[in-house]
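> Dropping in structure_4.cif, with mmCIF, C-alpha atoms and all ligand atoms.
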```cif
data_entry
loop_
_atom_site.group_PDB
_atom_site.id
_atom_site.type_symbol
_atom_site.label_atom_id
_atom_site.label_comp_id
_atom_site.auth_asym_id
_atom_site.auth_seq_id
_atom_site.Cartn_x
_atom_site.Cartn_y
_atom_site.Cartn_z
ATOM 1 C CA MET W 1 -7.586 30.882 -98.760
ATOM 2 C CA ALA W 2 -10.654 31.615 -96.637
ATOM 3 C CA LEU W 3 -12.292 30.547 -93.415
ATOM 4 C CA LEU W 4 -15.739 29.087 -94.137
ATOM 5 C CA PRO W 5 -18.705 29.359 -91.731
ATOM 6 C CA ILE W 6 -19.586 25.973 -90.157
ATOM 7 C CA LEU W 7 -23.283 24.988 -89.984
ATOM 8 C CA CYS W 8 -24.475 24.165 -86.452
ATOM 9 C CA PHE W 9 -26.913 21.401 -85.411
ATOM 10 C CA PRO W 10 -29.963 21.494 -85.687
ATOM 11 C CA ASP W 11 -29.570 23.357 -89.020
ATOM 12 C CA PRO W 12 -31.684 21.310 -91.500
ATOM 13 C CA LYS W 13 -29.019 21.845 -94.207
ATOM 14 C CA LEU W 14 -26.827 19.356 -92.283
ATOM 15 C CA HIS W 15 -29.279 16.648 -93.443
ATOM 16 C CA THR W 16 -28.621 17.254 -97.159
ATOM 17 C CA VAL W 17 -27.200 14.252 -99.036
ATOM 18 C CA ALA W 18 -24.018 15.299 -100.921
ATOM 19 C CA ARG W 19 -23.677 14.597 -104.648
ATOM 20 C CA PRO W 20 -20.513 13.146 -106.220
ATOM 21 C CA VAL W 21 -17.829 15.557 -107.472
ATOM 22 C CA ALA W 22 -17.994 15.538 -111.290
ATOM 23 C CA SER W 23 -14.440 16.760 -111.898
ATOM 24 C CA VAL W 24 -11.482 17.559 -109.606
ATOM 25 C CA ASP W 25 -10.791 21.048 -110.939
ATOM 26 C CA GLY W 26 -9.611 24.416 -109.599
ATOM 27 C CA ARG W 27 -12.939 25.045 -107.850
ATOM 28 C CA ILE W 28 -12.647 21.775 -105.901
ATOM 29 C CA ARG W 29 -8.954 22.415 -105.071
ATOM 30 C CA GLN W 30 -9.932 25.876 -103.718
ATOM 31 C CA LEU W 31 -12.736 24.269 -101.655
ATOM 32 C CA VAL W 32 -10.221 21.723 -100.246
ATOM 33 C CA ALA W 33 -7.753 24.523 -99.325
ATOM 34 C CA ASP W 34 -10.527 26.518 -97.603
ATOM 35 C CA MET W 35 -11.835 23.431 -95.772
ATOM 36 C CA LEU W 36 -8.329 22.594 -94.489
ATOM 37 C CA GLU W 37 -7.841 26.158 -93.256
ATOM 38 C CA THR W 38 -11.284 26.051 -91.572
ATOM 39 C CA MET W 39 -10.602 22.643 -89.941
ATOM 40 C CA TYR W 40 -7.191 23.728 -88.583
ATOM 41 C CA ASP W 41 -8.597 27.052 -87.347
ATOM 42 C CA ALA W 42 -11.384 25.219 -85.464
ATOM 43 C CA SER W 43 -8.893 22.654 -84.018
ATOM 44 C CA GLY W 44 -10.826 19.806 -85.624
ATOM 45 C CA ILE W 45 -9.444 16.523 -86.904
ATOM 46 C CA GLY W 46 -11.898 16.351 -89.811
ATOM 47 C CA LEU W 47 -14.419 18.339 -91.829
ATOM 48 C CA ALA W 48 -16.998 17.355 -94.462
ATOM 49 C CA ALA W 49 -18.123 19.775 -97.204
ATOM 50 C CA THR W 50 -21.714 19.401 -95.907
ATOM 51 C CA GLN W 51 -20.652 21.240 -92.727
ATOM 52 C CA VAL W 52 -19.656 24.317 -94.766
ATOM 53 C CA ASP W 53 -22.894 24.171 -96.789
ATOM 54 C CA VAL W 54 -21.320 22.679 -99.909
ATOM 55 C CA HIS W 55 -23.210 19.511 -100.817
ATOM 56 C CA GLU W 56 -20.527 17.613 -102.737
ATOM 57 C CA ARG W 57 -18.605 14.511 -101.613
ATOM 58 C CA VAL W 58 -15.440 16.163 -100.238
ATOM 59 C CA VAL W 59 -13.785 15.420 -96.853
ATOM 60 C CA VAL W 60 -10.566 16.666 -95.236
ATOM 61 C CA ILE W 61 -8.910 14.968 -92.246
ATOM 62 C CA ASP W 62 -5.719 15.418 -90.212
ATOM 63 C CA VAL W 63 -5.295 13.146 -87.192
ATOM 64 C CA SER W 64 -1.541 13.839 -86.816
ATOM 65 C CA GLU W 65 -0.177 15.325 -83.555
ATOM 66 C CA GLU W 66 1.834 17.856 -85.569
ATOM 67 C CA ARG W 67 -1.171 18.907 -87.695
ATOM 68 C CA ASN W 68 0.905 18.543 -90.830
ATOM 69 C CA ALA W 69 -0.532 15.416 -92.511
ATOM 70 C CA PRO W 70 -3.707 16.437 -94.361
ATOM 71 C CA LEU W 71 -5.759 13.697 -96.000
ATOM 72 C CA VAL W 72 -8.151 14.697 -98.803
ATOM 73 C CA LEU W 73 -10.968 12.306 -99.736
ATOM 74 C CA ILE W 74 -13.015 13.113 -102.848
ATOM 75 C CA ASN W 75 -15.968 10.840 -103.679
ATOM 76 C CA PRO W 76 -14.980 8.504 -100.802
ATOM 77 C CA GLU W 77 -16.574 5.063 -100.529
ATOM 78 C CA ILE W 78 -16.061 2.619 -97.665
ATOM 79 C CA THR W 79 -15.341 -0.706 -99.388
ATOM 80 C CA TRP W 80 -14.884 -2.870 -96.252
ATOM 81 C CA TYR W 81 -15.876 -2.718 -92.567
ATOM 82 C CA SER W 82 -14.216 -4.993 -89.990
ATOM 83 C CA PRO W 83 -16.726 -7.157 -88.139
ATOM 84 C CA GLU W 84 -15.210 -5.918 -84.832
ATOM 85 C CA LYS W 85 -16.757 -2.741 -83.477
ATOM 86 C CA GLN W 86 -15.625 -0.333 -80.802
ATOM 87 C CA MET W 87 -17.245 2.425 -78.759
ATOM 88 C CA ASN W 88 -15.404 5.779 -79.109
ATOM 89 C CA GLU W 89 -15.952 9.252 -77.719
ATOM 90 C CA GLU W 90 -16.864 11.572 -80.620
ATOM 91 C CA GLY W 91 -17.174 15.310 -80.993
ATOM 92 C CA CYS W 92 -18.371 17.412 -83.926
ATOM 93 C CA LEU W 93 -17.539 20.923 -85.080
ATOM 94 C CA SER W 94 -21.258 21.300 -85.941
ATOM 95 C CA VAL W 95 -22.266 20.389 -82.351
ATOM 96 C CA PRO W 96 -19.742 22.394 -80.306
ATOM 97 C CA GLY W 97 -19.147 21.309 -76.711
ATOM 98 C CA VAL W 98 -20.928 17.942 -77.028
ATOM 99 C CA TYR W 99 -19.028 14.632 -76.759
ATOM 100 C CA ASP W 100 -20.581 11.169 -76.548
ATOM 101 C CA GLY W 101 -19.942 7.523 -77.336
ATOM 102 C CA VAL W 102 -20.691 6.026 -80.771
ATOM 103 C CA GLU W 103 -20.044 2.421 -81.824
ATOM 104 C CA ARG W 104 -18.192 2.079 -85.149
ATOM 105 C CA ALA W 105 -16.212 -0.561 -87.069
ATOM 106 C CA THR W 106 -12.665 -0.776 -85.671
ATOM 107 C CA ARG W 107 -11.044 -0.963 -89.127
ATOM 108 C CA ILE W 108 -12.220 0.047 -92.606
ATOM 109 C CA LYS W 109 -10.984 0.298 -96.192
ATOM 110 C CA VAL W 110 -11.779 3.528 -98.078
ATOM 111 C CA LYS W 111 -11.500 4.239 -101.787
ATOM 112 C CA ALA W 112 -11.308 7.911 -102.781
ATOM 113 C CA MET W 113 -9.639 10.434 -105.070
ATOM 114 C CA ASP W 114 -7.075 12.930 -103.787
ATOM 115 C CA ASP W 115 -7.004 16.611 -104.788
ATOM 116 C CA GLN W 116 -5.130 15.680 -107.987
ATOM 117 C CA GLY W 117 -7.933 13.323 -109.026
ATOM 118 C CA GLN W 118 -5.763 10.254 -108.314
ATOM 119 C CA SER W 119 -7.758 7.279 -107.037
ATOM 120 C CA ARG W 120 -6.410 5.169 -104.172
ATOM 121 C CA GLU W 121 -7.554 2.817 -101.433
ATOM 122 C CA ILE W 122 -6.388 3.117 -97.836
ATOM 123 C CA GLU W 123 -6.895 0.959 -94.765
ATOM 124 C CA ALA W 124 -7.713 2.907 -91.597
ATOM 125 C CA GLU W 125 -7.828 2.003 -87.909
ATOM 126 C CA GLY W 126 -7.936 3.861 -84.593
ATOM 127 C CA ILE W 127 -9.004 7.514 -84.597
ATOM 128 C CA LEU W 128 -8.580 7.728 -88.409
ATOM 129 C CA ALA W 129 -11.189 4.946 -88.914
ATOM 130 C CA VAL W 130 -13.541 6.697 -86.474
ATOM 131 C CA CYS W 131 -13.080 10.074 -88.155
ATOM 132 C CA VAL W 132 -13.584 8.730 -91.713
ATOM 133 C CA GLN W 133 -16.861 7.035 -90.657
ATOM 134 C CA HIS W 134 -18.023 10.238 -88.901
ATOM 135 C CA GLU W 135 -17.259 12.361 -92.007
ATOM 136 C CA MET W 136 -18.917 9.838 -94.368
ATOM 137 C CA ASP W 137 -22.062 10.151 -92.250
ATOM 138 C CA HIS W 138 -21.976 13.949 -92.782
ATOM 139 C CA LEU W 139 -21.956 13.379 -96.565
ATOM 140 C CA LEU W 140 -25.104 11.261 -96.122
ATOM 141 C CA GLY W 141 -26.742 14.039 -94.089
ATOM 142 C CA LYS W 142 -26.276 12.284 -90.748
ATOM 143 C CA VAL W 143 -24.951 13.988 -87.595
ATOM 144 C CA PHE W 144 -23.422 11.810 -84.804
ATOM 145 C CA VAL W 145 -26.113 12.854 -82.280
ATOM 146 C CA GLU W 146 -28.555 10.741 -84.346
ATOM 147 C CA TYR W 147 -26.869 7.653 -82.803
ATOM 148 C CA LEU W 148 -27.820 8.884 -79.309
ATOM 149 C CA SER W 149 -31.141 8.349 -77.519
ATOM 150 C CA PRO W 150 -34.045 10.686 -78.450
ATOM 151 C CA LEU W 151 -33.840 12.118 -74.911
ATOM 152 C CA LYS W 152 -30.141 13.033 -75.248
ATOM 153 C CA ARG W 153 -30.665 14.325 -78.807
ATOM 154 C CA ASN W 154 -33.515 16.596 -77.754
ATOM 155 C CA ARG W 155 -31.495 17.947 -74.816
ATOM 156 C CA ILE W 156 -28.617 18.731 -77.204
ATOM 157 C CA LYS W 157 -31.022 20.393 -79.672
ATOM 158 C CA THR W 158 -32.456 22.606 -76.900
ATOM 159 C CA LYS W 159 -28.912 23.511 -75.706
ATOM 160 C CA MET W 160 -27.781 24.421 -79.248
ATOM 161 C CA LEU W 161 -30.900 26.545 -79.959
ATOM 162 C CA LYS W 162 -30.419 28.400 -76.646
ATOM 163 C CA ALA W 163 -26.727 29.023 -77.439
ATOM 164 C CA ARG W 164 -27.760 30.406 -80.853
ATOM 165 C CA ARG W 165 -30.380 32.708 -79.293
ATOM 166 C CA ASP W 166 -27.849 33.944 -76.698
ATOM 167 C CA THR W 167 -25.301 34.697 -79.466
ATOM 168 C CA GLU W 168 -27.931 36.556 -81.515
ATOM 169 C CA ARG W 169 -28.894 38.680 -78.455
ATOM 170 C CA ALA W 170 -25.306 39.548 -77.499
HETATM 171 O O1 LIG A 1 -16.627 16.355 -88.517
HETATM 172 C C1 LIG A 1 -16.380 17.057 -87.545
HETATM 173 O O2 LIG A 1 -17.268 17.673 -87.020
HETATM 174 C C2 LIG A 1 -14.987 17.110 -87.004
HETATM 175 C C3 LIG A 1 -14.805 16.256 -85.763
HETATM 176 C C4 LIG A 1 -14.242 14.923 -86.178
HETATM 177 C C5 LIG A 1 -14.296 13.827 -85.151
HETATM 178 C C6 LIG A 1 -13.758 13.961 -83.887
HETATM 179 C C7 LIG A 1 -13.797 12.928 -82.985
HETATM 180 C C8 LIG A 1 -14.351 11.734 -83.336
HETATM 181 C C9 LIG A 1 -14.894 11.609 -84.581
HETATM 182 C C10 LIG A 1 -14.859 12.645 -85.497
HETATM 183 C C11 LIG A 1 -13.867 16.974 -84.817
HETATM 184 O O3 LIG A 1 -12.778 17.260 -85.156
HETATM 185 S S1 LIG A 1 -14.476 17.336 -83.253
HETATM 186 C C12 LIG A 1 -13.156 18.168 -82.407
HETATM 187 C C13 LIG A 1 -11.960 17.326 -82.105
HETATM 188 O O4 LIG A 1 -10.900 17.678 -82.536
HETATM 189 C C14 LIG A 1 -12.014 16.074 -81.323
HETATM 190 C C15 LIG A 1 -13.054 15.769 -80.479
HETATM 191 C C16 LIG A 1 -13.059 14.561 -79.771
HETATM 192 C C17 LIG A 1 -12.018 13.669 -79.891
HETATM 193 C C18 LIG A 1 -10.961 13.989 -80.740
HETATM 194 C C19 LIG A 1 -10.962 15.192 -81.432
HETATM 195 ZN ZN ZN A 2 -18.996 16.228 -87.359
#
```
Write the structure described by the file as structure tokens, please.

Amino acid sequence: MALLPILCFPDPKLHTVARPVASVDGRIRQLVADMLETMYDASGIGLAATQVDVHERVVVIDVSEERNAPLVLINPEITWYSPEKQMNEEGCLSVPGVYDGVERATRIKVKAMDDQGQSREIEAEGILAVCVQHEMDHLLGKVFVEYLSPLKRNRIKTKMLKARRDTERA
């Protein structure tokens, strides 16, 4: 297994639209294993392949307290959104240190394959529903800061570019 570097906003590669996985083979299973290791190492609850510069529709999630319940979503599609919406505080491993409110559907249904290529549909609510919608946005090339005002987004962009410059100088 390997830790994968995570792209940071405002890297333009984060805006790439991911293509569907053609076949769930050894290469995809290795990618899933590496993404899970990377997500756990970064203390995240989710990770989309886009964030590790792989532009295929693969997501890993673990919202369990014990960090022992990985969920693998290959070619995920949201088939139903509840009409009720809720504002939730979100963070992103590609925008470290930034948290802000985003309104999302409270409940969703998601159809996806697991890492054995088995198709299934799950219903999600709470933090799992929030996380799935956040990761699906990544696969469409959308970062959560795009829901914020242009003023906030530009401040975040400036902060991230400064942090990158400071790291490069150190
Ligand atoms: O996709 C990512 O960047 C991972 C992201 C997932 C996420 C967290 C919170 C709401 C929506 C999506 C993270 O894991 S950020 C770090 C984190 O663990 C966290 C941050 C805020 C609340 C809960 C968890
Ligand atoms: Zn994110």
> What do you get as JSON, numbers by chain if you pick all residues at most 8 Å from ligand ZN 2 (chain A), counting all atoms listed in the file?
{"W": [46, 47, 48, 51, 91, 92, 93, 94, 95, 134, 135, 138, 143, 144]}
> Specify as a list in words each residue included when the PyMOL selection byres (((chain W and resi 156-160) around 9) and not hetatm) is applied to this file.
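What the PyMOL selection byres (((chain W and resi 156-160) around 9) and not hetatm) grabs from the file is Cys8, Phe9, Pro10, Val95, Pro96, Val98, Val145, Leu151, Lys152, Arg153, Asn154, Arg155, Leu161, Lys162, Ala163, Arg164 and Arg165 of chain W.
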> Given 5 Å of margin on each side, can you work out the centre and size in Å (one decimal) of an axis-aligned box holding every listed atom of segment 164-169 of chain W, as lines of an AutoDock Vina configuration file?

```
center_x = -27.8
center_y = 34.5
center_z = -79.1
size_x = 15.1
size_y = 18.3
size_z = 14.8
```
> For the file shown, report as an MDAnalysis selection string the outcome of the PyMOL selection byres (((chain W and resi 41) around 12) and not hetatm) at residue level.
chainID W and resid 2:6 34:40 42:47 67 93
> Quick check on the file I pasted: which residues fall under the PyMOL selection byres (((chain W and resi 61) around 7) and not hetatm)? Write them as an MDAnalysis selection string.
chainID W and resid 45:47 59:60 62:63 70:72
> Nearest residue to ligand LIG 1 (chain A) out of W:His55, W:Lys142, W:Arg120, W:Arg27, using all atoms listed in the file?
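Among the listed residues, W:Lys142 lies closest to ligand LIG 1 (chain A).
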> Given the point (-15.1, 11.2, -78.9) in the coordinates of this file, which residues lie within 9 Å, counting all atoms listed in the file, and how would they look as a PyMOL selection string?
chain W and resi 88-92+99-102+130
> Quick check, in Å to one decimal: how far apart do atom C10 of ligand LIG 1 (chain A) and atom CA of Thr167 of chain W lie?
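We find that atom C10 of ligand LIG 1 (chain A) and atom CA of Thr167 of chain W lie 25.1 Å from each other.
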> Rank W:Asp166, W:Glu77, W:Glu84, W:Glu65 by their smallest atom-to-atom distance to ligand LIG 1 (chain A), using only C-alpha atoms and all ligand atoms, and report the top residue only.
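For ligand LIG 1 (chain A), the nearest of the given residues is W:Glu65.
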> In terms of the shortest atom-to-atom distance over all atoms listed in the file, which of W:Cys131, W:Leu14, W:Met136, W:Ala105 is closest to ligand LIG 1 (chain A)?
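Ranking W:Cys131, W:Leu14, W:Met136, W:Ala105 by distance to ligand LIG 1 (chain A), first place goes to W:Cys131.
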> When distances are computed from only C-alpha atoms and all ligand atoms, which of W:Asp137, W:Glu123, W:Asp53, W:Glu146 shows the smallest separation from ligand LIG 1 (chain A)?
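Among the listed residues, the smallest separation from ligand LIG 1 (chain A) belongs to W:Asp137.
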> For Ile122 of chain W, list every protein, DNA or RNA residue within 7 Å, evaluated using all atoms listed in the file, and leave out those in the same chain fewer than 6 positions away; present the list as a list in words.
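Result of the neighbour search: Lys109, Val110 and Lys111 of chain W.
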> With distances taken over only C-alpha atoms and all ligand atoms, which of W:Val132, W:Ala33, W:Val21, W:Ile78 is nearest to ligand LIG 1 (chain A)?
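Nearest to ligand LIG 1 (chain A): W:Val132.
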> From the list W:Ala49, W:Ile108, W:Leu148, W:Leu140, which residue is nearest ligand LIG 1 (chain A) when using only C-alpha atoms and all ligand atoms?
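Closest candidate: W:Ala49.
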> Can you tell me how far atom CA of Gly26 of chain W sits from atom CA of Ala69 of chain W, in Å to one decimal?
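Separation of atom CA of Gly26 of chain W and atom CA of Ala69 of chain W: 21.3 Å.
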> Would you mind reading off the distance between atom CA of Val17 of chain W and atom C2 of ligand LIG 1 (chain A), one decimal, in Å?
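Atom-to-atom, atom CA of Val17 of chain W and atom C2 of ligand LIG 1 (chain A) are spaced 17.4 Å apart.
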> Near Asp25 of chain W, counting all atoms listed in the file, which residues have an atom at most 9 Å away, once you skip same-chain residues fewer than 6 positions from it, shown as a PDB file with C-alpha atoms, keeping the file's coordinate frame?

```pdb
ATOM      1  CA  ASP W 115      -7.004  16.611-104.788  1.00  0.00           C
ATOM      2  CA  GLN W 116      -5.130  15.680-107.987  1.00  0.00           C
ATOM      3  CA  GLY W 117      -7.933  13.323-109.026  1.00  0.00           C
TER       4      GLY W 117
END
```
> Take segment 95-115 of chain W, model N, CA, C and O atoms, and hand the result over as an mmCIF file, keeping the file's coordinate frame.

```cif
data_model
loop_
_atom_site.group_PDB
_atom_site.id
_atom_site.type_symbol
_atom_site.label_atom_id
_atom_site.label_comp_id
_atom_site.auth_asym_id
_atom_site.auth_seq_id
_atom_site.Cartn_x
_atom_site.Cartn_y
_atom_site.Cartn_z
ATOM 1 N N VAL W 95 -21.546 20.528 -83.633
ATOM 2 C CA VAL W 95 -22.266 20.389 -82.351
ATOM 3 C C VAL W 95 -21.266 20.754 -81.246
ATOM 4 O O VAL W 95 -20.854 19.905 -80.451
ATOM 5 N N PRO W 96 -20.846 22.036 -81.196
ATOM 6 C CA PRO W 96 -19.742 22.394 -80.306
ATOM 7 C C PRO W 96 -20.053 22.090 -78.831
ATOM 8 O O PRO W 96 -21.157 22.323 -78.359
ATOM 9 N N GLY W 97 -19.037 21.552 -78.155
ATOM 10 C CA GLY W 97 -19.147 21.309 -76.711
ATOM 11 C C GLY W 97 -19.841 20.009 -76.350
ATOM 12 O O GLY W 97 -20.016 19.717 -75.164
ATOM 13 N N VAL W 98 -20.231 19.203 -77.320
ATOM 14 C CA VAL W 98 -20.928 17.942 -77.028
ATOM 15 C C VAL W 98 -20.025 16.769 -77.437
ATOM 16 O O VAL W 98 -19.504 16.734 -78.553
ATOM 17 N N TYR W 99 -19.829 15.832 -76.510
ATOM 18 C CA TYR W 99 -19.028 14.632 -76.759
ATOM 19 C C TYR W 99 -19.813 13.436 -76.245
ATOM 20 O O TYR W 99 -20.377 13.492 -75.152
ATOM 21 N N ASP W 100 -19.876 12.364 -77.031
ATOM 22 C CA ASP W 100 -20.581 11.169 -76.548
ATOM 23 C C ASP W 100 -20.082 9.948 -77.314
ATOM 24 O O ASP W 100 -19.413 10.083 -78.345
ATOM 25 N N GLY W 101 -20.439 8.777 -76.784
ATOM 26 C CA GLY W 101 -19.942 7.523 -77.336
ATOM 27 C C GLY W 101 -20.766 7.057 -78.537
ATOM 28 O O GLY W 101 -21.990 7.108 -78.504
ATOM 29 N N VAL W 102 -20.050 6.607 -79.574
ATOM 30 C CA VAL W 102 -20.691 6.026 -80.771
ATOM 31 C C VAL W 102 -19.928 4.744 -81.112
ATOM 32 O O VAL W 102 -18.698 4.728 -81.066
ATOM 33 N N GLU W 103 -20.687 3.677 -81.447
ATOM 34 C CA GLU W 103 -20.044 2.421 -81.824
ATOM 35 C C GLU W 103 -19.807 2.413 -83.335
ATOM 36 O O GLU W 103 -20.715 2.703 -84.110
ATOM 37 N N ARG W 104 -18.571 2.095 -83.727
ATOM 38 C CA ARG W 104 -18.192 2.079 -85.149
ATOM 39 C C ARG W 104 -17.299 0.865 -85.412
ATOM 40 O O ARG W 104 -16.677 0.331 -84.476
ATOM 41 N N ALA W 105 -17.163 0.484 -86.692
ATOM 42 C CA ALA W 105 -16.212 -0.561 -87.069
ATOM 43 C C ALA W 105 -14.807 -0.129 -86.668
ATOM 44 O O ALA W 105 -14.423 1.041 -86.846
ATOM 45 N N THR W 106 -14.025 -1.079 -86.150
ATOM 46 C CA THR W 106 -12.665 -0.776 -85.671
ATOM 47 C C THR W 106 -11.729 -0.448 -86.832
ATOM 48 O O THR W 106 -10.863 0.409 -86.717
ATOM 49 N N ARG W 107 -11.900 -1.180 -87.954
ATOM 50 C CA ARG W 107 -11.044 -0.963 -89.127
ATOM 51 C C ARG W 107 -11.927 -0.877 -90.369
ATOM 52 O O ARG W 107 -12.981 -1.524 -90.431
ATOM 53 N N ILE W 108 -11.478 -0.084 -91.337
ATOM 54 C CA ILE W 108 -12.220 0.047 -92.606
ATOM 55 C C ILE W 108 -11.233 0.171 -93.767
ATOM 56 O O ILE W 108 -10.054 0.491 -93.550
ATOM 57 N N LYS W 109 -11.741 -0.065 -94.984
ATOM 58 C CA LYS W 109 -10.984 0.298 -96.192
ATOM 59 C C LYS W 109 -11.790 1.357 -96.917
ATOM 60 O O LYS W 109 -13.030 1.238 -97.020
ATOM 61 N N VAL W 110 -11.121 2.407 -97.404
ATOM 62 C CA VAL W 110 -11.779 3.528 -98.078
ATOM 63 C C VAL W 110 -11.137 3.761 -99.429
ATOM 64 O O VAL W 110 -9.909 3.848 -99.532
ATOM 65 N N LYS W 111 -11.986 3.902 -100.447
ATOM 66 C CA LYS W 111 -11.500 4.239 -101.787
ATOM 67 C C LYS W 111 -11.915 5.685 -102.045
ATOM 68 O O LYS W 111 -13.077 6.064 -101.765
ATOM 69 N N ALA W 112 -10.997 6.497 -102.539
ATOM 70 C CA ALA W 112 -11.308 7.911 -102.781
ATOM 71 C C ALA W 112 -10.287 8.500 -103.739
ATOM 72 O O ALA W 112 -9.217 7.919 -103.954
ATOM 73 N N MET W 113 -10.622 9.674 -104.292
ATOM 74 C CA MET W 113 -9.639 10.434 -105.070
ATOM 75 C C MET W 113 -8.981 11.468 -104.165
ATOM 76 O O MET W 113 -9.611 11.964 -103.216
ATOM 77 N N ASP W 114 -7.723 11.816 -104.483
ATOM 78 C CA ASP W 114 -7.075 12.930 -103.787
ATOM 79 C C ASP W 114 -7.332 14.222 -104.580
ATOM 80 O O ASP W 114 -8.074 14.222 -105.560
ATOM 81 N N ASP W 115 -6.702 15.329 -104.144
ATOM 82 C CA ASP W 115 -7.004 16.611 -104.788
ATOM 83 C C ASP W 115 -6.350 16.756 -106.169
ATOM 84 O O ASP W 115 -6.501 17.794 -106.821
#
```
